[in-house]
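Note: the block below is structure_38.cif and it holds mmCIF, N, CA, C and O atoms.
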```cif
data_model
loop_
_atom_site.group_PDB
_atom_site.id
_atom_site.type_symbol
_atom_site.label_atom_id
_atom_site.label_comp_id
_atom_site.auth_asym_id
_atom_site.auth_seq_id
_atom_site.Cartn_x
_atom_site.Cartn_y
_atom_site.Cartn_z
ATOM 1 N N MET A 1 -8.693 15.550 -3.205
ATOM 2 C CA MET A 1 -9.075 14.656 -2.118
ATOM 3 C C MET A 1 -7.917 14.534 -1.134
ATOM 4 O O MET A 1 -6.761 14.532 -1.515
ATOM 5 N N SER A 2 -8.244 14.433 0.123
ATOM 6 C CA SER A 2 -7.210 14.280 1.146
ATOM 7 C C SER A 2 -6.695 12.848 1.168
ATOM 8 O O SER A 2 -7.208 11.978 0.482
ATOM 9 N N SER A 3 -5.707 12.603 1.987
ATOM 10 C CA SER A 3 -5.105 11.272 2.028
ATOM 11 C C SER A 3 -5.968 10.293 2.819
ATOM 12 O O SER A 3 -6.726 10.673 3.706
ATOM 13 N N ILE A 4 -5.831 9.023 2.439
ATOM 14 C CA ILE A 4 -6.491 7.925 3.147
ATOM 15 C C ILE A 4 -5.450 6.832 3.360
ATOM 16 O O ILE A 4 -4.381 6.850 2.740
ATOM 17 N N HIS A 5 -5.774 5.887 4.226
ATOM 18 C CA HIS A 5 -4.884 4.744 4.417
ATOM 19 C C HIS A 5 -5.074 3.775 3.254
ATOM 20 O O HIS A 5 -6.167 3.659 2.700
ATOM 21 N N LEU A 6 -4.043 3.080 2.905
ATOM 22 C CA LEU A 6 -4.101 2.116 1.815
ATOM 23 C C LEU A 6 -5.179 1.064 2.060
ATOM 24 O O LEU A 6 -5.803 0.581 1.124
ATOM 25 N N THR A 7 -5.430 0.732 3.315
ATOM 26 C CA THR A 7 -6.451 -0.273 3.645
ATOM 27 C C THR A 7 -7.854 0.193 3.261
ATOM 28 O O THR A 7 -8.741 -0.635 3.071
ATOM 29 N N ASP A 8 -8.069 1.504 3.137
ATOM 30 C CA ASP A 8 -9.389 2.052 2.796
ATOM 31 C C ASP A 8 -9.590 2.243 1.298
ATOM 32 O O ASP A 8 -10.671 2.653 0.877
ATOM 33 N N LEU A 9 -8.582 1.943 0.504
ATOM 34 C CA LEU A 9 -8.662 2.129 -0.942
ATOM 35 C C LEU A 9 -9.474 0.993 -1.571
ATOM 36 O O LEU A 9 -9.160 -0.182 -1.361
ATOM 37 N N PRO A 10 -10.528 1.323 -2.329
ATOM 38 C CA PRO A 10 -11.342 0.275 -2.954
ATOM 39 C C PRO A 10 -10.546 -0.528 -3.996
ATOM 40 O O PRO A 10 -9.609 -0.010 -4.607
ATOM 41 N N ILE A 11 -10.951 -1.766 -4.207
ATOM 42 C CA ILE A 11 -10.330 -2.633 -5.206
ATOM 43 C C ILE A 11 -10.395 -1.947 -6.578
ATOM 44 O O ILE A 11 -11.389 -1.310 -6.923
ATOM 45 N N ASP A 12 -9.328 -2.102 -7.359
ATOM 46 C CA ASP A 12 -9.203 -1.552 -8.717
ATOM 47 C C ASP A 12 -9.220 -0.026 -8.776
ATOM 48 O O ASP A 12 -9.568 0.552 -9.804
ATOM 49 N N THR A 13 -8.846 0.638 -7.683
ATOM 50 C CA THR A 13 -8.742 2.091 -7.662
ATOM 51 C C THR A 13 -7.271 2.468 -7.505
ATOM 52 O O THR A 13 -6.642 2.115 -6.516
ATOM 53 N N GLU A 14 -6.741 3.169 -8.487
ATOM 54 C CA GLU A 14 -5.329 3.550 -8.453
ATOM 55 C C GLU A 14 -5.125 4.769 -7.565
ATOM 56 O O GLU A 14 -5.940 5.689 -7.567
ATOM 57 N N ALA A 15 -4.048 4.765 -6.804
ATOM 58 C CA ALA A 15 -3.712 5.886 -5.928
ATOM 59 C C ALA A 15 -2.205 6.088 -5.931
ATOM 60 O O ALA A 15 -1.442 5.216 -6.346
ATOM 61 N N LYS A 16 -1.794 7.245 -5.429
ATOM 62 C CA LYS A 16 -0.376 7.587 -5.346
ATOM 63 C C LYS A 16 0.042 7.580 -3.881
ATOM 64 O O LYS A 16 -0.644 8.135 -3.029
ATOM 65 N N VAL A 17 1.172 6.954 -3.592
ATOM 66 C CA VAL A 17 1.699 6.899 -2.230
ATOM 67 C C VAL A 17 2.141 8.297 -1.810
ATOM 68 O O VAL A 17 2.874 8.967 -2.527
ATOM 69 N N LEU A 18 1.675 8.728 -0.642
ATOM 70 C CA LEU A 18 2.057 10.030 -0.101
ATOM 71 C C LEU A 18 3.084 9.918 1.016
ATOM 72 O O LEU A 18 3.996 10.729 1.111
ATOM 73 N N ASN A 19 2.913 8.905 1.885
ATOM 74 C CA ASN A 19 3.751 8.836 3.082
ATOM 75 C C ASN A 19 3.742 7.430 3.662
ATOM 76 O O ASN A 19 2.737 6.729 3.589
ATOM 77 N N LEU A 20 4.850 7.049 4.280
ATOM 78 C CA LEU A 20 4.938 5.806 5.054
ATOM 79 C C LEU A 20 5.035 6.194 6.521
ATOM 80 O O LEU A 20 5.983 6.877 6.919
ATOM 81 N N ASN A 21 4.061 5.789 7.309
ATOM 82 C CA ASN A 21 4.013 6.143 8.732
ATOM 83 C C ASN A 21 4.621 5.047 9.591
ATOM 84 O O ASN A 21 3.976 4.506 10.483
ATOM 85 N N CYS A 22 5.868 4.712 9.305
ATOM 86 C CA CYS A 22 6.542 3.653 10.056
ATOM 87 C C CYS A 22 8.044 3.899 10.000
ATOM 88 O O CYS A 22 8.513 4.781 9.284
ATOM 89 N N SER A 23 8.765 3.093 10.743
ATOM 90 C CA SER A 23 10.217 3.210 10.757
ATOM 91 C C SER A 23 10.818 1.823 10.927
ATOM 92 O O SER A 23 10.100 0.828 11.038
ATOM 93 N N GLY A 24 12.114 1.769 10.942
ATOM 94 C CA GLY A 24 12.814 0.519 11.188
ATOM 95 C C GLY A 24 12.660 -0.494 10.061
ATOM 96 O O GLY A 24 12.606 -0.137 8.883
ATOM 97 N N MET A 25 12.553 -1.760 10.445
ATOM 98 C CA MET A 25 12.522 -2.856 9.488
ATOM 99 C C MET A 25 11.260 -2.846 8.624
ATOM 100 O O MET A 25 11.325 -3.205 7.447
ATOM 101 N N VAL A 26 10.147 -2.417 9.176
ATOM 102 C CA VAL A 26 8.904 -2.368 8.386
ATOM 103 C C VAL A 26 9.062 -1.347 7.262
ATOM 104 O O VAL A 26 8.736 -1.630 6.106
ATOM 105 N N ARG A 27 9.579 -0.183 7.585
ATOM 106 C CA ARG A 27 9.801 0.850 6.570
ATOM 107 C C ARG A 27 10.774 0.354 5.502
ATOM 108 O O ARG A 27 10.559 0.533 4.307
ATOM 109 N N ARG A 28 11.848 -0.272 5.929
ATOM 110 C CA ARG A 28 12.846 -0.795 4.997
ATOM 111 C C ARG A 28 12.220 -1.819 4.053
ATOM 112 O O ARG A 28 12.467 -1.814 2.849
ATOM 113 N N ARG A 29 11.373 -2.696 4.581
ATOM 114 C CA ARG A 29 10.716 -3.727 3.768
ATOM 115 C C ARG A 29 9.799 -3.087 2.726
ATOM 116 O O ARG A 29 9.817 -3.475 1.559
ATOM 117 N N LEU A 30 9.011 -2.108 3.138
ATOM 118 C CA LEU A 30 8.109 -1.436 2.209
ATOM 119 C C LEU A 30 8.890 -0.697 1.127
ATOM 120 O O LEU A 30 8.525 -0.736 -0.052
ATOM 121 N N LEU A 31 9.959 -0.030 1.508
ATOM 122 C CA LEU A 31 10.803 0.662 0.532
ATOM 123 C C LEU A 31 11.431 -0.325 -0.446
ATOM 124 O O LEU A 31 11.499 -0.067 -1.651
ATOM 125 N N ASP A 32 11.876 -1.479 0.064
ATOM 126 C CA ASP A 32 12.469 -2.504 -0.795
ATOM 127 C C ASP A 32 11.458 -3.062 -1.796
ATOM 128 O O ASP A 32 11.838 -3.508 -2.885
ATOM 129 N N LEU A 33 10.174 -3.056 -1.433
ATOM 130 C CA LEU A 33 9.123 -3.518 -2.338
ATOM 131 C C LEU A 33 8.769 -2.467 -3.391
ATOM 132 O O LEU A 33 7.958 -2.711 -4.275
ATOM 133 N N GLY A 34 9.362 -1.288 -3.306
ATOM 134 C CA GLY A 34 9.117 -0.233 -4.276
ATOM 135 C C GLY A 34 8.034 0.739 -3.859
ATOM 136 O O GLY A 34 7.575 1.553 -4.659
ATOM 137 N N ILE A 35 7.615 0.667 -2.602
ATOM 138 C CA ILE A 35 6.579 1.569 -2.109
ATOM 139 C C ILE A 35 7.254 2.815 -1.555
ATOM 140 O O ILE A 35 7.622 2.878 -0.394
ATOM 141 N N VAL A 36 7.439 3.776 -2.448
ATOM 142 C CA VAL A 36 8.054 5.046 -2.086
ATOM 143 C C VAL A 36 7.101 6.169 -2.476
ATOM 144 O O VAL A 36 6.162 5.961 -3.249
ATOM 145 N N LYS A 37 7.333 7.349 -1.951
ATOM 146 C CA LYS A 37 6.479 8.504 -2.250
ATOM 147 C C LYS A 37 6.372 8.691 -3.760
ATOM 148 O O LYS A 37 7.375 8.688 -4.468
ATOM 149 N N GLY A 38 5.138 8.837 -4.237
ATOM 150 C CA GLY A 38 4.888 9.053 -5.655
ATOM 151 C C GLY A 38 4.575 7.797 -6.443
ATOM 152 O O GLY A 38 4.143 7.872 -7.584
ATOM 153 N N THR A 39 4.782 6.624 -5.853
ATOM 154 C CA THR A 39 4.502 5.362 -6.538
ATOM 155 C C THR A 39 3.001 5.160 -6.705
ATOM 156 O O THR A 39 2.230 5.395 -5.777
ATOM 157 N N LEU A 40 2.591 4.698 -7.885
ATOM 158 C CA LEU A 40 1.190 4.355 -8.110
ATOM 159 C C LEU A 40 0.949 2.940 -7.596
ATOM 160 O O LEU A 40 1.757 2.036 -7.830
ATOM 161 N N ILE A 41 -0.168 2.754 -6.892
ATOM 162 C CA ILE A 41 -0.485 1.470 -6.279
ATOM 163 C C ILE A 41 -1.978 1.196 -6.441
ATOM 164 O O ILE A 41 -2.792 2.107 -6.302
ATOM 165 N N THR A 42 -2.313 -0.053 -6.770
ATOM 166 C CA THR A 42 -3.708 -0.429 -7.008
ATOM 167 C C THR A 42 -4.012 -1.744 -6.296
ATOM 168 O O THR A 42 -3.360 -2.752 -6.573
ATOM 169 N N PRO A 43 -4.997 -1.762 -5.392
ATOM 170 C CA PRO A 43 -5.414 -3.043 -4.812
ATOM 171 C C PRO A 43 -6.168 -3.831 -5.879
ATOM 172 O O PRO A 43 -7.072 -3.293 -6.528
ATOM 173 N N ILE A 44 -5.775 -5.092 -6.096
ATOM 174 C CA ILE A 44 -6.402 -5.869 -7.159
ATOM 175 C C ILE A 44 -7.154 -7.099 -6.666
ATOM 176 O O ILE A 44 -8.009 -7.609 -7.378
ATOM 177 N N LEU A 45 -6.849 -7.574 -5.455
ATOM 178 C CA LEU A 45 -7.496 -8.795 -4.974
ATOM 179 C C LEU A 45 -7.352 -8.910 -3.468
ATOM 180 O O LEU A 45 -6.265 -8.705 -2.936
ATOM 181 N N LYS A 46 -8.462 -9.228 -2.792
ATOM 182 C CA LYS A 46 -8.401 -9.512 -1.356
ATOM 183 C C LYS A 46 -8.486 -11.012 -1.157
ATOM 184 O O LYS A 46 -9.215 -11.694 -1.876
ATOM 185 N N SER A 47 -7.761 -11.524 -0.193
ATOM 186 C CA SER A 47 -7.853 -12.952 0.102
ATOM 187 C C SER A 47 -9.238 -13.237 0.693
ATOM 188 O O SER A 47 -9.907 -12.326 1.182
ATOM 189 N N PRO A 48 -9.675 -14.482 0.663
ATOM 190 C CA PRO A 48 -11.004 -14.818 1.196
ATOM 191 C C PRO A 48 -11.212 -14.378 2.643
ATOM 192 O O PRO A 48 -12.304 -13.975 3.020
ATOM 193 N N SER A 49 -10.145 -14.389 3.433
ATOM 194 C CA SER A 49 -10.264 -13.959 4.824
ATOM 195 C C SER A 49 -10.166 -12.439 4.970
ATOM 196 O O SER A 49 -10.360 -11.897 6.050
ATOM 197 N N GLY A 50 -9.819 -11.734 3.869
ATOM 198 C CA GLY A 50 -9.699 -10.281 3.904
ATOM 199 C C GLY A 50 -8.298 -9.780 4.195
ATOM 200 O O GLY A 50 -8.045 -8.589 4.167
ATOM 201 N N ASP A 51 -7.382 -10.666 4.501
ATOM 202 C CA ASP A 51 -6.011 -10.269 4.815
ATOM 203 C C ASP A 51 -5.066 -11.390 4.428
ATOM 204 O O ASP A 51 -5.258 -12.517 4.885
ATOM 205 N N PRO A 52 -4.083 -11.194 3.577
ATOM 206 C CA PRO A 52 -3.605 -9.934 3.012
ATOM 207 C C PRO A 52 -4.377 -9.537 1.754
ATOM 208 O O PRO A 52 -5.247 -10.263 1.281
ATOM 209 N N THR A 53 -3.992 -8.391 1.207
ATOM 210 C CA THR A 53 -4.533 -7.892 -0.053
ATOM 211 C C THR A 53 -3.398 -7.843 -1.066
ATOM 212 O O THR A 53 -2.272 -7.498 -0.717
ATOM 213 N N ALA A 54 -3.702 -8.199 -2.322
ATOM 214 C CA ALA A 54 -2.711 -8.129 -3.393
ATOM 215 C C ALA A 54 -2.790 -6.746 -4.039
ATOM 216 O O ALA A 54 -3.883 -6.249 -4.325
ATOM 217 N N PHE A 55 -1.632 -6.133 -4.235
ATOM 218 C CA PHE A 55 -1.538 -4.804 -4.831
ATOM 219 C C PHE A 55 -0.665 -4.856 -6.070
ATOM 220 O O PHE A 55 0.342 -5.578 -6.092
ATOM 221 N N LEU A 56 -1.024 -4.072 -7.069
ATOM 222 C CA LEU A 56 -0.196 -3.910 -8.252
ATOM 223 C C LEU A 56 0.705 -2.698 -8.009
ATOM 224 O O LEU A 56 0.217 -1.581 -7.816
ATOM 225 N N ILE A 57 2.016 -2.961 -7.974
ATOM 226 C CA ILE A 57 3.008 -1.924 -7.696
ATOM 227 C C ILE A 57 4.124 -2.041 -8.719
ATOM 228 O O ILE A 57 4.792 -3.078 -8.786
ATOM 229 N N ARG A 58 4.294 -1.015 -9.529
ATOM 230 C CA ARG A 58 5.375 -0.986 -10.526
ATOM 231 C C ARG A 58 5.405 -2.247 -11.400
ATOM 232 O O ARG A 58 6.462 -2.810 -11.666
ATOM 233 N N GLY A 59 4.235 -2.728 -11.793
ATOM 234 C CA GLY A 59 4.149 -3.885 -12.678
ATOM 235 C C GLY A 59 4.235 -5.234 -11.991
ATOM 236 O O GLY A 59 4.181 -6.265 -12.655
ATOM 237 N N SER A 60 4.364 -5.255 -10.681
ATOM 238 C CA SER A 60 4.431 -6.509 -9.923
ATOM 239 C C SER A 60 3.251 -6.603 -8.968
ATOM 240 O O SER A 60 2.754 -5.589 -8.481
ATOM 241 N N THR A 61 2.837 -7.821 -8.693
ATOM 242 C CA THR A 61 1.777 -8.050 -7.720
ATOM 243 C C THR A 61 2.422 -8.408 -6.381
ATOM 244 O O THR A 61 3.201 -9.358 -6.301
ATOM 245 N N ILE A 62 2.095 -7.632 -5.359
ATOM 246 C CA ILE A 62 2.678 -7.790 -4.034
ATOM 247 C C ILE A 62 1.556 -7.939 -3.013
ATOM 248 O O ILE A 62 0.608 -7.154 -3.019
ATOM 249 N N ALA A 63 1.651 -8.929 -2.141
ATOM 250 C CA ALA A 63 0.679 -9.101 -1.062
ATOM 251 C C ALA A 63 1.168 -8.338 0.167
ATOM 252 O O ALA A 63 2.320 -8.476 0.581
ATOM 253 N N ILE A 64 0.280 -7.514 0.716
ATOM 254 C CA ILE A 64 0.620 -6.725 1.900
ATOM 255 C C ILE A 64 -0.447 -6.957 2.959
ATOM 256 O O ILE A 64 -1.645 -6.878 2.679
ATOM 257 N N ARG A 65 0.005 -7.241 4.175
ATOM 258 C CA ARG A 65 -0.925 -7.441 5.288
ATOM 259 C C ARG A 65 -1.615 -6.143 5.647
ATOM 260 O O ARG A 65 -1.061 -5.055 5.472
ATOM 261 N N LYS A 66 -2.822 -6.258 6.172
ATOM 262 C CA LYS A 66 -3.609 -5.093 6.575
ATOM 263 C C LYS A 66 -2.839 -4.258 7.596
ATOM 264 O O LYS A 66 -2.858 -3.031 7.556
ATOM 265 N N GLU A 67 -2.140 -4.925 8.492
ATOM 266 C CA GLU A 67 -1.342 -4.251 9.524
ATOM 267 C C GLU A 67 -0.312 -3.307 8.902
ATOM 268 O O GLU A 67 -0.110 -2.190 9.372
ATOM 269 N N ASP A 68 0.329 -3.743 7.817
ATOM 270 C CA ASP A 68 1.336 -2.912 7.145
ATOM 271 C C ASP A 68 0.687 -1.890 6.215
ATOM 272 O O ASP A 68 1.153 -0.753 6.117
ATOM 273 N N ALA A 69 -0.385 -2.267 5.526
ATOM 274 C CA ALA A 69 -1.060 -1.361 4.596
ATOM 275 C C ALA A 69 -1.657 -0.157 5.330
ATOM 276 O O ALA A 69 -1.765 0.931 4.764
ATOM 277 N N SER A 70 -2.014 -0.345 6.599
ATOM 278 C CA SER A 70 -2.592 0.758 7.360
ATOM 279 C C SER A 70 -1.557 1.854 7.658
ATOM 280 O O SER A 70 -1.916 2.963 8.049
ATOM 281 N N LEU A 71 -0.295 1.552 7.443
ATOM 282 C CA LEU A 71 0.791 2.514 7.691
ATOM 283 C C LEU A 71 1.097 3.377 6.476
ATOM 284 O O LEU A 71 1.951 4.263 6.539
ATOM 285 N N ILE A 72 0.410 3.102 5.352
ATOM 286 C CA ILE A 72 0.705 3.779 4.096
ATOM 287 C C ILE A 72 -0.433 4.756 3.779
ATOM 288 O O ILE A 72 -1.592 4.358 3.665
ATOM 289 N N ASP A 73 -0.092 6.037 3.614
ATOM 290 C CA ASP A 73 -1.065 7.056 3.219
ATOM 291 C C ASP A 73 -1.008 7.221 1.707
ATOM 292 O O ASP A 73 0.076 7.301 1.132
ATOM 293 N N VAL A 74 -2.199 7.251 1.088
ATOM 294 C CA VAL A 74 -2.274 7.409 -0.362
ATOM 295 C C VAL A 74 -3.285 8.501 -0.717
ATOM 296 O O VAL A 74 -4.106 8.894 0.093
ATOM 297 N N LYS A 75 -3.187 8.965 -1.963
ATOM 298 C CA LYS A 75 -4.144 9.959 -2.495
ATOM 299 C C LYS A 75 -4.656 9.431 -3.829
ATOM 300 O O LYS A 75 -3.878 9.050 -4.691
ATOM 301 N N ILE A 76 -5.986 9.418 -3.968
ATOM 302 C CA ILE A 76 -6.607 8.910 -5.197
ATOM 303 C C ILE A 76 -6.398 9.926 -6.310
ATOM 304 O O ILE A 76 -6.523 11.105 -6.126
#
```
Structure re-expressed in structure tokens:
Amino acid sequence: MSSIHLTDLPIDTEAKVLNLNCSGMVRRRLLDLGIVKGTLITPILKSPSGDPTAFLIRGSTIAIRKEDASLIDVKI
């Protein structure tokens, strides 16, 4: 399967991070959260308003805004 944006990944579907399409402070923040190429990531819960979404990353639950999640390419 080709890559999709993290925002398009269905709840409870595990995927592997392929690329971060950002730079500067946003990229640094995502890298600091452990979102690097090859990391497994699973959306586990959407907030009632739909933004942010909680993701399981390296054993931790991290909330990521849709704006930032759209910058992350993943492969199921």
Just so the selection is clear, what residues does the PyMOL selection byres ((chain A and resi 21) around 5) cover here, as a ChimeraX atom specification?
/A:19-20,22-23,71-72
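Evaluated against this file, the PyMOL selection byres ((chain A and resi 66) around 7) yields Thr7, Gly50, Asp51, Pro52, Thr53, Ile64, Arg65, Glu67, Asp68, Ala69, Ser70 and Leu71 of chain A.
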Please return as a VMD selection string: the residues of chain A that backbone DSSP assigns to alpha helix (DSSP H).
chain A and resid 24 to 32 66 to 69
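Near stretch 26-40 of chain A, within 7 Å and counting all atoms listed in the file, sit Glu14, Ala15, Lys16, Val17, Leu18, Asn19, Leu20, Leu56, Ile57, Arg58 and Gly59 of chain A; same-chain residues fewer than 6 positions away were not included.
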Between atom CA of A:Ser60 and atom N of A:Thr13, what is the spacing in Å?
15.2 Å
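Closest to A:Ile62 among A:His5, A:Met25, A:Lys75, A:Pro43 is A:Pro43, based on all atoms listed in the file.
Backbone DSSP over chain A gives strand (DSSP E or B) for Ile4, His5, Ala15, Lys16, Val17, Leu18, Asn19, Leu20, Leu40, Ile41, Thr42, Pro43, Ile44, Leu45, Lys46, Thr53, Ala54, Phe55, Leu56, Ile57, Ser60, Thr61, Ile62, Ala63, Ile64, Ile72, Asp73, Val74 and Lys75 of chain A.
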Suppose we keep N, CA, C and O atoms; can you now write the selection as a tab-separated table (two decimals), keeping the file's coordinate frame?
```
chain	number	residue	atom	x	y	z
A	4	ILE	N	-5.83	9.02	2.44
A	4	ILE	CA	-6.49	7.92	3.15
A	4	ILE	C	-5.45	6.83	3.36
A	4	ILE	O	-4.38	6.85	2.74
A	5	HIS	N	-5.77	5.89	4.23
A	5	HIS	CA	-4.88	4.74	4.42
A	5	HIS	C	-5.07	3.78	3.25
A	5	HIS	O	-6.17	3.66	2.70
A	15	ALA	N	-4.05	4.76	-6.80
A	15	ALA	CA	-3.71	5.89	-5.93
A	15	ALA	C	-2.20	6.09	-5.93
A	15	ALA	O	-1.44	5.22	-6.35
A	16	LYS	N	-1.79	7.24	-5.43
A	16	LYS	CA	-0.38	7.59	-5.35
A	16	LYS	C	0.04	7.58	-3.88
A	16	LYS	O	-0.64	8.14	-3.03
A	17	VAL	N	1.17	6.95	-3.59
A	17	VAL	CA	1.70	6.90	-2.23
A	17	VAL	C	2.14	8.30	-1.81
A	17	VAL	O	2.87	8.97	-2.53
A	18	LEU	N	1.68	8.73	-0.64
A	18	LEU	CA	2.06	10.03	-0.10
A	18	LEU	C	3.08	9.92	1.02
A	18	LEU	O	4.00	10.73	1.11
A	19	ASN	N	2.91	8.90	1.88
A	19	ASN	CA	3.75	8.84	3.08
A	19	ASN	C	3.74	7.43	3.66
A	19	ASN	O	2.74	6.73	3.59
A	20	LEU	N	4.85	7.05	4.28
A	20	LEU	CA	4.94	5.81	5.05
A	20	LEU	C	5.04	6.19	6.52
A	20	LEU	O	5.98	6.88	6.92
A	40	LEU	N	2.59	4.70	-7.88
A	40	LEU	CA	1.19	4.36	-8.11
A	40	LEU	C	0.95	2.94	-7.60
A	40	LEU	O	1.76	2.04	-7.83
A	41	ILE	N	-0.17	2.75	-6.89
A	41	ILE	CA	-0.48	1.47	-6.28
A	41	ILE	C	-1.98	1.20	-6.44
A	41	ILE	O	-2.79	2.11	-6.30
A	42	THR	N	-2.31	-0.05	-6.77
A	42	THR	CA	-3.71	-0.43	-7.01
A	42	THR	C	-4.01	-1.74	-6.30
A	42	THR	O	-3.36	-2.75	-6.57
A	43	PRO	N	-5.00	-1.76	-5.39
A	43	PRO	CA	-5.41	-3.04	-4.81
A	43	PRO	C	-6.17	-3.83	-5.88
A	43	PRO	O	-7.07	-3.29	-6.53
A	44	ILE	N	-5.78	-5.09	-6.10
A	44	ILE	CA	-6.40	-5.87	-7.16
A	44	ILE	C	-7.15	-7.10	-6.67
A	44	ILE	O	-8.01	-7.61	-7.38
A	45	LEU	N	-6.85	-7.57	-5.46
A	45	LEU	CA	-7.50	-8.80	-4.97
A	45	LEU	C	-7.35	-8.91	-3.47
A	45	LEU	O	-6.26	-8.70	-2.94
A	46	LYS	N	-8.46	-9.23	-2.79
A	46	LYS	CA	-8.40	-9.51	-1.36
A	46	LYS	C	-8.49	-11.01	-1.16
A	46	LYS	O	-9.22	-11.69	-1.88
A	53	THR	N	-3.99	-8.39	1.21
A	53	THR	CA	-4.53	-7.89	-0.05
A	53	THR	C	-3.40	-7.84	-1.07
A	53	THR	O	-2.27	-7.50	-0.72
A	54	ALA	N	-3.70	-8.20	-2.32
A	54	ALA	CA	-2.71	-8.13	-3.39
A	54	ALA	C	-2.79	-6.75	-4.04
A	54	ALA	O	-3.88	-6.25	-4.32
A	55	PHE	N	-1.63	-6.13	-4.24
A	55	PHE	CA	-1.54	-4.80	-4.83
A	55	PHE	C	-0.66	-4.86	-6.07
A	55	PHE	O	0.34	-5.58	-6.09
A	56	LEU	N	-1.02	-4.07	-7.07
A	56	LEU	CA	-0.20	-3.91	-8.25
A	56	LEU	C	0.70	-2.70	-8.01
A	56	LEU	O	0.22	-1.58	-7.82
A	57	ILE	N	2.02	-2.96	-7.97
A	57	ILE	CA	3.01	-1.92	-7.70
A	57	ILE	C	4.12	-2.04	-8.72
A	57	ILE	O	4.79	-3.08	-8.79
A	60	SER	N	4.36	-5.26	-10.68
A	60	SER	CA	4.43	-6.51	-9.92
A	60	SER	C	3.25	-6.60	-8.97
A	60	SER	O	2.75	-5.59	-8.48
A	61	THR	N	2.84	-7.82	-8.69
A	61	THR	CA	1.78	-8.05	-7.72
A	61	THR	C	2.42	-8.41	-6.38
A	61	THR	O	3.20	-9.36	-6.30
A	62	ILE	N	2.10	-7.63	-5.36
A	62	ILE	CA	2.68	-7.79	-4.03
A	62	ILE	C	1.56	-7.94	-3.01
A	62	ILE	O	0.61	-7.15	-3.02
A	63	ALA	N	1.65	-8.93	-2.14
A	63	ALA	CA	0.68	-9.10	-1.06
A	63	ALA	C	1.17	-8.34	0.17
A	63	ALA	O	2.32	-8.48	0.58
A	64	ILE	N	0.28	-7.51	0.72
A	64	ILE	CA	0.62	-6.72	1.90
A	64	ILE	C	-0.45	-6.96	2.96
A	64	ILE	O	-1.64	-6.88	2.68
A	72	ILE	N	0.41	3.10	5.35
A	72	ILE	CA	0.70	3.78	4.10
A	72	ILE	C	-0.43	4.76	3.78
A	72	ILE	O	-1.59	4.36	3.66
A	73	ASP	N	-0.09	6.04	3.61
A	73	ASP	CA	-1.06	7.06	3.22
A	73	ASP	C	-1.01	7.22	1.71
A	73	ASP	O	0.08	7.30	1.13
A	74	VAL	N	-2.20	7.25	1.09
A	74	VAL	CA	-2.27	7.41	-0.36
A	74	VAL	C	-3.28	8.50	-0.72
A	74	VAL	O	-4.11	8.89	0.09
A	75	LYS	N	-3.19	8.96	-1.96
A	75	LYS	CA	-4.14	9.96	-2.50
A	75	LYS	C	-4.66	9.43	-3.83
A	75	LYS	O	-3.88	9.05	-4.69
```
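Across the model, the gap from atom O of A:Gly24 to atom CA of A:Ala63 is 17.9 Å.
Note that the spacing between atom C of A:Ser2 and atom C of A:Ser47 amounts to 26.2 Å.
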Any chance you could resolve the PyMOL selection byres (((chain A and resi 11 and name CA) around 7) and name CA) against this file and give the residues as a list of chain:residue names?
A:Leu9, A:Pro10, A:Asp12, A:Thr13, A:Pro43, A:Ile44, A:Leu45
